[in-house]
Amino acid sequence: MGYTCTLVYNFSLLPSRLATSTFQNARVLNLEAVQREEISRPLVTMSQIRIPHVLTVAGSDSGAGAGIQADLKACAARGVYCSTVITAVTAQNTVGVQGVNIVPEDFVREQLGSVLSDMHPDVVKTGMLPSTGIVKILSQSLREFPVRALVVDPVMVSTSGDVLAGPSILDSFREELLPMADIVTPNLKEASALLGGIPLETVADMRSAAKSIHDIGARNVLVKGGDLAASSDAVDVLFDGKDFYEFRSSRIKTRNTHGTGCTLASSIAAELARGSSLFFAVKTAKRYVETALDYSKDILIGNGCQGPFDHMMKLKNNDMKLSGHRPFDPNDLLLYAVTDPRMNKKWGRSITDAVKAAVEGGATIVQLREKDADTRDFLEAAKSCLEICRRHGVPLLINDRADIALACDADGVHVGQSDMPARVVRTLLGPDKIIGVSCKTPKQAQVAWIEGADYIGCGGVYPTNTKENNITVGLDGLKNVCLASKLPVVAIGGIGISNAQPVMELGVPSLKGVAVVSALFDRESVLRETQNLRRVLLDSITTATAK
Ligand SMILES: Cc1ncc(COP(=O)(O)OP(=O)(O)O)c(N)n1
Ligand SMILES: Cc1nc(C(=O)O)sc1CCOP(=O)(O)O
Ligand SMILES: [Mg+2]
């Protein structure tokens, strides 16, 4: 099907770009203009959106911790499109580099032409450039197809110590690439190699190295001091031709550092592509890498001494064995325990004691409904309750507060008609978390389904003292919602051992269970009351199926 698309350009864009590429001796790149905001991305009026784009020119890492694979993941994590020109294919893992196969120069040229002539990346980032010929081809291509910024990661040696680009490459780096670079990001070894092998042992050495590399032609130089023995912190030095900036962070104890350099450079490129200033790009990229390293410090991939890290910061939580998380099962709604701080206070128990007793008594799902708790106290309580629930394989939901659910990685959120809309909660929490919505009418049930909820809470079935001014919909109201609902339903409001049976025997398949507060928590023994209610519910199911 054809469609029309209208792109409205900010007119400052075209003259600046053209000027940059046509003036003799002008720099190929125009990052300064971007930073002065003379260049901005096209404004888009209709259905098409121009998104930031980084082209990475680098080697493939079969272990996917570094190289092209790291660049793709880092850009994806930062919300930036990434295209690739592969310069070499390496066989490597967490032990080291077992083989390198260099892509023929003509084919590197062909890949560059394909991407640059059509897709117009905002920023080019370079990694492993294994021959002087490839460096030359790249600089020619960039002259032919100017981009807004060039980020050069002068990869020479892998983290395992294997040589990825020999010393012969140094001259072409110095002559061809650094004068075009908006930023170059050497580690200590690479900075030393670029400067003829001078020793770099202190932060003062790093500063003078940054200045000397700047003198070669790079506009900005970030010397990474991760390997600096003299410092207990990790210190990186940025020199912009005028000022020095030191970025300090405490060292993260982990074996999973493979690909950190590639990731930092591609994250800087991603931020530049998004229009950030260079300083902000470096700061943001560093924060991202540090967060990902910290998050991934315990993950185990491979048997070597340098593991990859998790760019998307998802793997640990998605590991069902580690997190105890499993997909939502509507039968989890059978005995839904909802906590209440006033009742816990009255009976002198902590929220964790209450939750522990409920899950040990057979609650199949728990909701923390802490209406007036301080955010910090609520978060701490939620983390402790989550541990208990995970041990029992019981999902834990948070009432109203998507922020708390996100912060403690709870299994989901329950919202009402005046809380955050379910579709917004879904966007925040992603596709896998459980979202419940309170509905009193068939119309509300239909909206909840459209907005991506997983279940409906319908009530009040009976009058309740637990929730002020609650409207009672009765068994009929519940039945109407259940009949209209495409989602499983849990009944709520005034339900307990004495009146749960008529609810469960309504005879509507979407009704999966009862949610209760006072019947469990406004009692002396939460454990016993939960066990008893569970028995009643299971008996009603047996009776209903026998009918
Ligand atoms: C399972 C379940 N159903 C309904 C509610 C009520 O939610 P809401 O209408 O948002 O009211 P508050 O609980 O926030 O006062 C619920 N919490 N759980
Ligand atoms: C939190 C809540 N929501 C309701 C609704 O009708 O949506 S009734 C309710 C309170 C339920 O407490 P109890 O089990 O003590 O009656
Ligand atoms: Mg609510």
# chains A, B, ... in the order shown; residues from 1 in each chain; ligands from 1
$ residues_near_ligand --ligand "ligand 1" --cutoff "10 Å" --atoms "only C-alpha atoms and all ligand atoms" --output "ChimeraX atom specification"
/A:333,336-340,365-371,397-401,413-420,436-440,455-460,466-468,470,489-493,513-517
$ select_by_dssp --residues "segment 206-281 of chain A" --states "strand (DSSP E)" --output "ChimeraX atom specification"
/A:220-224,233-239,244-250
$ write_last_selection --atoms "C-alpha atoms" --output "mmCIF file, in the first residue's frame"
data_model
loop_
_atom_site.group_PDB
_atom_site.id
_atom_site.type_symbol
_atom_site.label_atom_id
_atom_site.label_comp_id
_atom_site.auth_asym_id
_atom_site.auth_seq_id
_atom_site.Cartn_x
_atom_site.Cartn_y
_atom_site.Cartn_z
ATOM 1 C CA ASN A 220 37.950 15.747 22.378
ATOM 2 C CA VAL A 221 39.919 13.007 24.083
ATOM 3 C CA LEU A 222 38.626 10.649 26.783
ATOM 4 C CA VAL A 223 41.482 8.681 28.342
ATOM 5 C CA LYS A 224 39.979 5.787 30.286
ATOM 6 C CA ASP A 233 38.583 4.669 42.003
ATOM 7 C CA ALA A 234 38.069 4.304 38.253
ATOM 8 C CA VAL A 235 39.086 7.683 36.809
ATOM 9 C CA ASP A 236 38.543 8.816 33.230
ATOM 10 C CA VAL A 237 39.940 12.116 31.953
ATOM 11 C CA LEU A 238 38.183 14.161 29.286
ATOM 12 C CA PHE A 239 40.017 16.984 27.528
ATOM 13 C CA PHE A 244 40.028 18.858 31.699
ATOM 14 C CA TYR A 245 37.177 16.954 33.351
ATOM 15 C CA GLU A 246 37.653 13.983 35.639
ATOM 16 C CA PHE A 247 34.953 11.334 35.906
ATOM 17 C CA ARG A 248 35.418 9.252 39.031
ATOM 18 C CA SER A 249 33.454 6.213 40.086
ATOM 19 C CA SER A 250 34.080 3.418 42.524
#
$ residues_around --residues "segment 270-277 of chain A" --least-positions-apart "5" --cutoff "7 Å" --atoms "only C-alpha atoms" --output "PyMOL selection string"
chain A and resi 35+52-54+75+78+80+122-123
$ write_last_selection --atoms "all heavy atoms" --output "compact mmCIF listing (two decimals), in the first residue's frame"
# COMPACT_ATOMS: atom_id res chain seq x y z
N GLN A 35 26.15 21.13 18.64
CA GLN A 35 26.10 21.55 20.04
C GLN A 35 25.59 22.98 20.18
O GLN A 35 24.99 23.33 21.16
CB GLN A 35 27.49 21.40 20.68
CG GLN A 35 27.79 19.93 20.91
CD GLN A 35 29.21 19.67 21.31
OE1 GLN A 35 29.75 18.65 21.00
NE2 GLN A 35 29.84 20.60 21.98
N PRO A 52 17.22 8.81 15.84
CA PRO A 52 18.68 8.93 15.87
C PRO A 52 19.33 7.62 15.42
O PRO A 52 18.83 6.54 15.72
CB PRO A 52 19.00 9.23 17.33
CG PRO A 52 17.75 9.14 18.10
CD PRO A 52 16.60 9.03 17.16
N HIS A 53 20.46 7.76 14.75
CA HIS A 53 21.05 6.60 14.07
C HIS A 53 22.58 6.65 14.19
O HIS A 53 23.21 7.64 13.83
CB HIS A 53 20.61 6.67 12.59
CG HIS A 53 21.17 5.59 11.71
ND1 HIS A 53 20.79 5.44 10.40
CD2 HIS A 53 22.08 4.61 11.92
CE1 HIS A 53 21.44 4.43 9.85
NE2 HIS A 53 22.22 3.91 10.76
N VAL A 54 23.13 5.56 14.69
CA VAL A 54 24.59 5.41 14.76
C VAL A 54 25.00 4.31 13.79
O VAL A 54 24.36 3.26 13.74
CB VAL A 54 25.03 5.01 16.19
CG1 VAL A 54 26.48 4.56 16.23
CG2 VAL A 54 24.80 6.15 17.17
N CYS A 75 23.26 0.59 21.64
CA CYS A 75 22.39 1.56 20.96
C CYS A 75 20.92 1.22 21.21
O CYS A 75 20.10 2.11 21.47
CB CYS A 75 22.69 1.61 19.46
SG CYS A 75 24.24 2.46 19.11
N ARG A 78 19.88 2.34 24.49
CA ARG A 78 19.78 3.79 24.60
C ARG A 78 18.72 4.37 23.66
O ARG A 78 18.61 5.58 23.50
CB ARG A 78 21.14 4.46 24.30
CG ARG A 78 22.29 3.96 25.13
CD ARG A 78 22.06 4.10 26.62
NE ARG A 78 21.81 5.48 27.01
CZ ARG A 78 21.10 5.84 28.08
NH1 ARG A 78 20.56 4.91 28.84
NH2 ARG A 78 20.90 7.11 28.37
N VAL A 80 18.47 4.07 20.30
CA VAL A 80 19.03 4.64 19.07
C VAL A 80 19.21 3.52 18.05
O VAL A 80 19.65 2.42 18.40
CB VAL A 80 20.38 5.33 19.39
CG1 VAL A 80 21.14 5.71 18.14
CG2 VAL A 80 20.15 6.55 20.27
N ASP A 122 23.50 9.55 11.79
CA ASP A 122 23.89 10.83 12.40
C ASP A 122 25.35 10.79 12.84
O ASP A 122 26.06 11.77 12.74
CB ASP A 122 23.04 11.09 13.64
CG ASP A 122 21.56 11.17 13.29
OD1 ASP A 122 21.18 12.15 12.65
OD2 ASP A 122 20.83 10.23 13.63
N VAL A 123 25.74 9.64 13.38
CA VAL A 123 27.06 9.53 13.99
C VAL A 123 27.70 8.22 13.54
O VAL A 123 27.01 7.20 13.42
CB VAL A 123 26.93 9.53 15.54
CG1 VAL A 123 28.28 9.33 16.21
CG2 VAL A 123 26.30 10.84 16.02
$ select_by_dssp --residues "segment 191-390 of chain A" --states "helix (DSSP H, G or I)" --output "PyMOL selection string"
chain A and resi 191-194+203-216+260-273+278-295+315-318+320-323+330-333+341-346+351-361+375-390
$ closest_residue --among "A:Tyr288, A:Phe280, A:Tyr295, A:Phe145" --to "Ile252 of chain A" --atoms "only C-alpha atoms"
A:Tyr295
$ residues_around --residues "Asn187 of chain A" --least-positions-apart "2" --cutoff "7 Å" --atoms "only C-alpha atoms" --output "ChimeraX atom specification"
/A:185,189-191,223-225
$ closest_residue --among "A:Ile434, A:Leu72, A:Ala402, A:Ala484" --to "ligand 3" --atoms "only C-alpha atoms and all ligand atoms"
A:Ala402
$ decode --residues "segment 230-264 of chain A" --atoms "N, CA, C and O atoms" --output "mmCIF file, in the first residue's frame"
data_model
loop_
_atom_site.group_PDB
_atom_site.id
_atom_site.type_symbol
_atom_site.label_atom_id
_atom_site.label_comp_id
_atom_site.auth_asym_id
_atom_site.auth_seq_id
_atom_site.Cartn_x
_atom_site.Cartn_y
_atom_site.Cartn_z
ATOM 1 N N ALA A 230 47.402 3.029 40.195
ATOM 2 C CA ALA A 230 47.629 4.016 41.263
ATOM 3 C C ALA A 230 46.340 4.527 41.906
ATOM 4 O O ALA A 230 46.388 5.180 42.931
ATOM 5 N N SER A 231 45.187 4.264 41.296
ATOM 6 C CA SER A 231 43.959 4.860 41.824
ATOM 7 C C SER A 231 42.987 3.780 42.303
ATOM 8 O O SER A 231 42.776 2.777 41.616
ATOM 9 N N SER A 232 42.388 4.009 43.476
ATOM 10 C CA SER A 232 41.413 3.030 43.968
ATOM 11 C C SER A 232 40.070 3.201 43.250
ATOM 12 O O SER A 232 39.305 2.269 43.094
ATOM 13 N N ASP A 233 39.789 4.430 42.807
ATOM 14 C CA ASP A 233 38.583 4.669 42.003
ATOM 15 C C ASP A 233 38.908 4.418 40.530
ATOM 16 O O ASP A 233 40.064 4.373 40.146
ATOM 17 N N ALA A 234 37.852 4.287 39.707
ATOM 18 C CA ALA A 234 38.069 4.304 38.253
ATOM 19 C C ALA A 234 37.990 5.772 37.839
ATOM 20 O O ALA A 234 37.010 6.446 38.139
ATOM 21 N N VAL A 235 39.046 6.267 37.201
ATOM 22 C CA VAL A 235 39.086 7.683 36.809
ATOM 23 C C VAL A 235 39.247 7.776 35.299
ATOM 24 O O VAL A 235 40.140 7.156 34.721
ATOM 25 N N ASP A 236 38.380 8.516 34.655
ATOM 26 C CA ASP A 236 38.543 8.816 33.230
ATOM 27 C C ASP A 236 38.776 10.314 33.101
ATOM 28 O O ASP A 236 38.201 11.107 33.842
ATOM 29 N N VAL A 237 39.629 10.694 32.145
ATOM 30 C CA VAL A 237 39.940 12.116 31.953
ATOM 31 C C VAL A 237 39.460 12.543 30.577
ATOM 32 O O VAL A 237 39.800 11.916 29.568
ATOM 33 N N LEU A 238 38.660 13.597 30.560
ATOM 34 C CA LEU A 238 38.183 14.161 29.286
ATOM 35 C C LEU A 238 38.871 15.506 29.078
ATOM 36 O O LEU A 238 38.907 16.339 29.991
ATOM 37 N N PHE A 239 39.427 15.686 27.868
ATOM 38 C CA PHE A 239 40.017 16.984 27.528
ATOM 39 C C PHE A 239 39.331 17.483 26.263
ATOM 40 O O PHE A 239 39.254 16.779 25.258
ATOM 41 N N ASP A 240 38.811 18.710 26.340
ATOM 42 C CA ASP A 240 38.069 19.228 25.179
ATOM 43 C C ASP A 240 38.860 20.288 24.410
ATOM 44 O O ASP A 240 38.316 21.050 23.633
ATOM 45 N N GLY A 241 40.164 20.335 24.673
ATOM 46 C CA GLY A 241 41.001 21.327 23.985
ATOM 47 C C GLY A 241 41.219 22.543 24.854
ATOM 48 O O GLY A 241 42.106 23.354 24.589
ATOM 49 N N LYS A 242 40.400 22.671 25.890
ATOM 50 C CA LYS A 242 40.518 23.837 26.781
ATOM 51 C C LYS A 242 40.556 23.363 28.247
ATOM 52 O O LYS A 242 41.481 23.642 28.950
ATOM 53 N N ASP A 243 39.553 22.586 28.582
ATOM 54 C CA ASP A 243 39.427 22.168 29.988
ATOM 55 C C ASP A 243 39.568 20.656 30.137
ATOM 56 O O ASP A 243 39.264 19.902 29.205
ATOM 57 N N PHE A 244 40.005 20.278 31.331
ATOM 58 C CA PHE A 244 40.028 18.858 31.699
ATOM 59 C C PHE A 244 38.844 18.564 32.617
ATOM 60 O O PHE A 244 38.513 19.381 33.473
ATOM 61 N N TYR A 245 38.238 17.398 32.438
ATOM 62 C CA TYR A 245 37.177 16.954 33.351
ATOM 63 C C TYR A 245 37.550 15.555 33.828
ATOM 64 O O TYR A 245 37.966 14.718 33.022
ATOM 65 N N GLU A 246 37.392 15.334 35.117
ATOM 66 C CA GLU A 246 37.653 13.983 35.639
ATOM 67 C C GLU A 246 36.333 13.328 36.004
ATOM 68 O O GLU A 246 35.520 13.923 36.708
ATOM 69 N N PHE A 247 36.141 12.117 35.526
ATOM 70 C CA PHE A 247 34.953 11.334 35.906
ATOM 71 C C PHE A 247 35.434 10.229 36.831
ATOM 72 O O PHE A 247 36.209 9.380 36.410
ATOM 73 N N ARG A 248 34.994 10.270 38.063
ATOM 74 C CA ARG A 248 35.418 9.252 39.031
ATOM 75 C C ARG A 248 34.243 8.373 39.416
ATOM 76 O O ARG A 248 33.137 8.872 39.599
ATOM 77 N N SER A 249 34.500 7.090 39.549
ATOM 78 C CA SER A 249 33.454 6.213 40.086
ATOM 79 C C SER A 249 34.145 5.082 40.828
ATOM 80 O O SER A 249 35.301 4.759 40.525
ATOM 81 N N SER A 250 33.431 4.516 41.806
ATOM 82 C CA SER A 250 34.080 3.418 42.524
ATOM 83 C C SER A 250 34.106 2.186 41.620
ATOM 84 O O SER A 250 33.214 1.978 40.795
ATOM 85 N N ARG A 251 35.164 1.398 41.788
ATOM 86 C CA ARG A 251 35.314 0.211 40.922
ATOM 87 C C ARG A 251 34.253 -0.816 41.269
ATOM 88 O O ARG A 251 33.977 -1.060 42.445
ATOM 89 N N ILE A 252 33.691 -1.427 40.230
ATOM 90 C CA ILE A 252 32.678 -2.462 40.460
ATOM 91 C C ILE A 252 33.389 -3.812 40.400
ATOM 92 O O ILE A 252 34.074 -4.108 39.409
ATOM 93 N N LYS A 253 33.259 -4.597 41.472
ATOM 94 C CA LYS A 253 33.961 -5.891 41.502
ATOM 95 C C LYS A 253 33.174 -6.895 40.680
ATOM 96 O O LYS A 253 32.140 -7.393 41.115
ATOM 97 N N THR A 254 33.653 -7.189 39.494
ATOM 98 C CA THR A 254 32.972 -8.160 38.634
ATOM 99 C C THR A 254 33.934 -8.680 37.571
ATOM 100 O O THR A 254 34.860 -7.970 37.163
ATOM 101 N N ARG A 255 33.707 -9.931 37.139
ATOM 102 C CA ARG A 255 34.485 -10.457 36.011
ATOM 103 C C ARG A 255 33.843 -10.034 34.692
ATOM 104 O O ARG A 255 34.412 -10.182 33.626
ATOM 105 N N ASN A 256 32.637 -9.506 34.768
ATOM 106 C CA ASN A 256 31.861 -9.267 33.541
ATOM 107 C C ASN A 256 32.122 -7.888 32.943
ATOM 108 O O ASN A 256 31.229 -7.045 32.903
ATOM 109 N N THR A 257 33.357 -7.687 32.500
ATOM 110 C CA THR A 257 33.704 -6.361 31.964
ATOM 111 C C THR A 257 34.010 -6.410 30.467
ATOM 112 O O THR A 257 34.381 -5.395 29.884
ATOM 113 N N HIS A 258 33.868 -7.579 29.866
ATOM 114 C CA HIS A 258 34.208 -7.700 28.444
ATOM 115 C C HIS A 258 33.268 -6.829 27.605
ATOM 116 O O HIS A 258 32.050 -6.948 27.728
ATOM 117 N N GLY A 259 33.851 -5.965 26.803
ATOM 118 C CA GLY A 259 33.035 -5.109 25.932
ATOM 119 C C GLY A 259 32.735 -3.740 26.520
ATOM 120 O O GLY A 259 31.993 -2.955 25.929
ATOM 121 N N THR A 260 33.330 -3.417 27.677
ATOM 122 C CA THR A 260 33.030 -2.124 28.307
ATOM 123 C C THR A 260 33.443 -0.955 27.409
ATOM 124 O O THR A 260 32.716 0.033 27.291
ATOM 125 N N GLY A 261 34.634 -1.092 26.791
ATOM 126 C CA GLY A 261 35.141 0.016 25.952
ATOM 127 C C GLY A 261 34.245 0.249 24.748
ATOM 128 O O GLY A 261 33.882 1.399 24.440
ATOM 129 N N CYS A 262 33.885 -0.843 24.063
ATOM 130 C CA CYS A 262 33.014 -0.716 22.870
ATOM 131 C C CYS A 262 31.688 -0.091 23.278
ATOM 132 O O CYS A 262 31.138 0.777 22.600
ATOM 133 N N THR A 263 31.185 -0.564 24.427
ATOM 134 C CA THR A 263 29.871 -0.096 24.874
ATOM 135 C C THR A 263 29.908 1.377 25.234
ATOM 136 O O THR A 263 28.986 2.133 24.898
ATOM 137 N N LEU A 264 30.975 1.792 25.910
ATOM 138 C CA LEU A 264 31.064 3.205 26.282
ATOM 139 C C LEU A 264 31.095 4.070 25.018
ATOM 140 O O LEU A 264 30.351 5.044 24.899
#
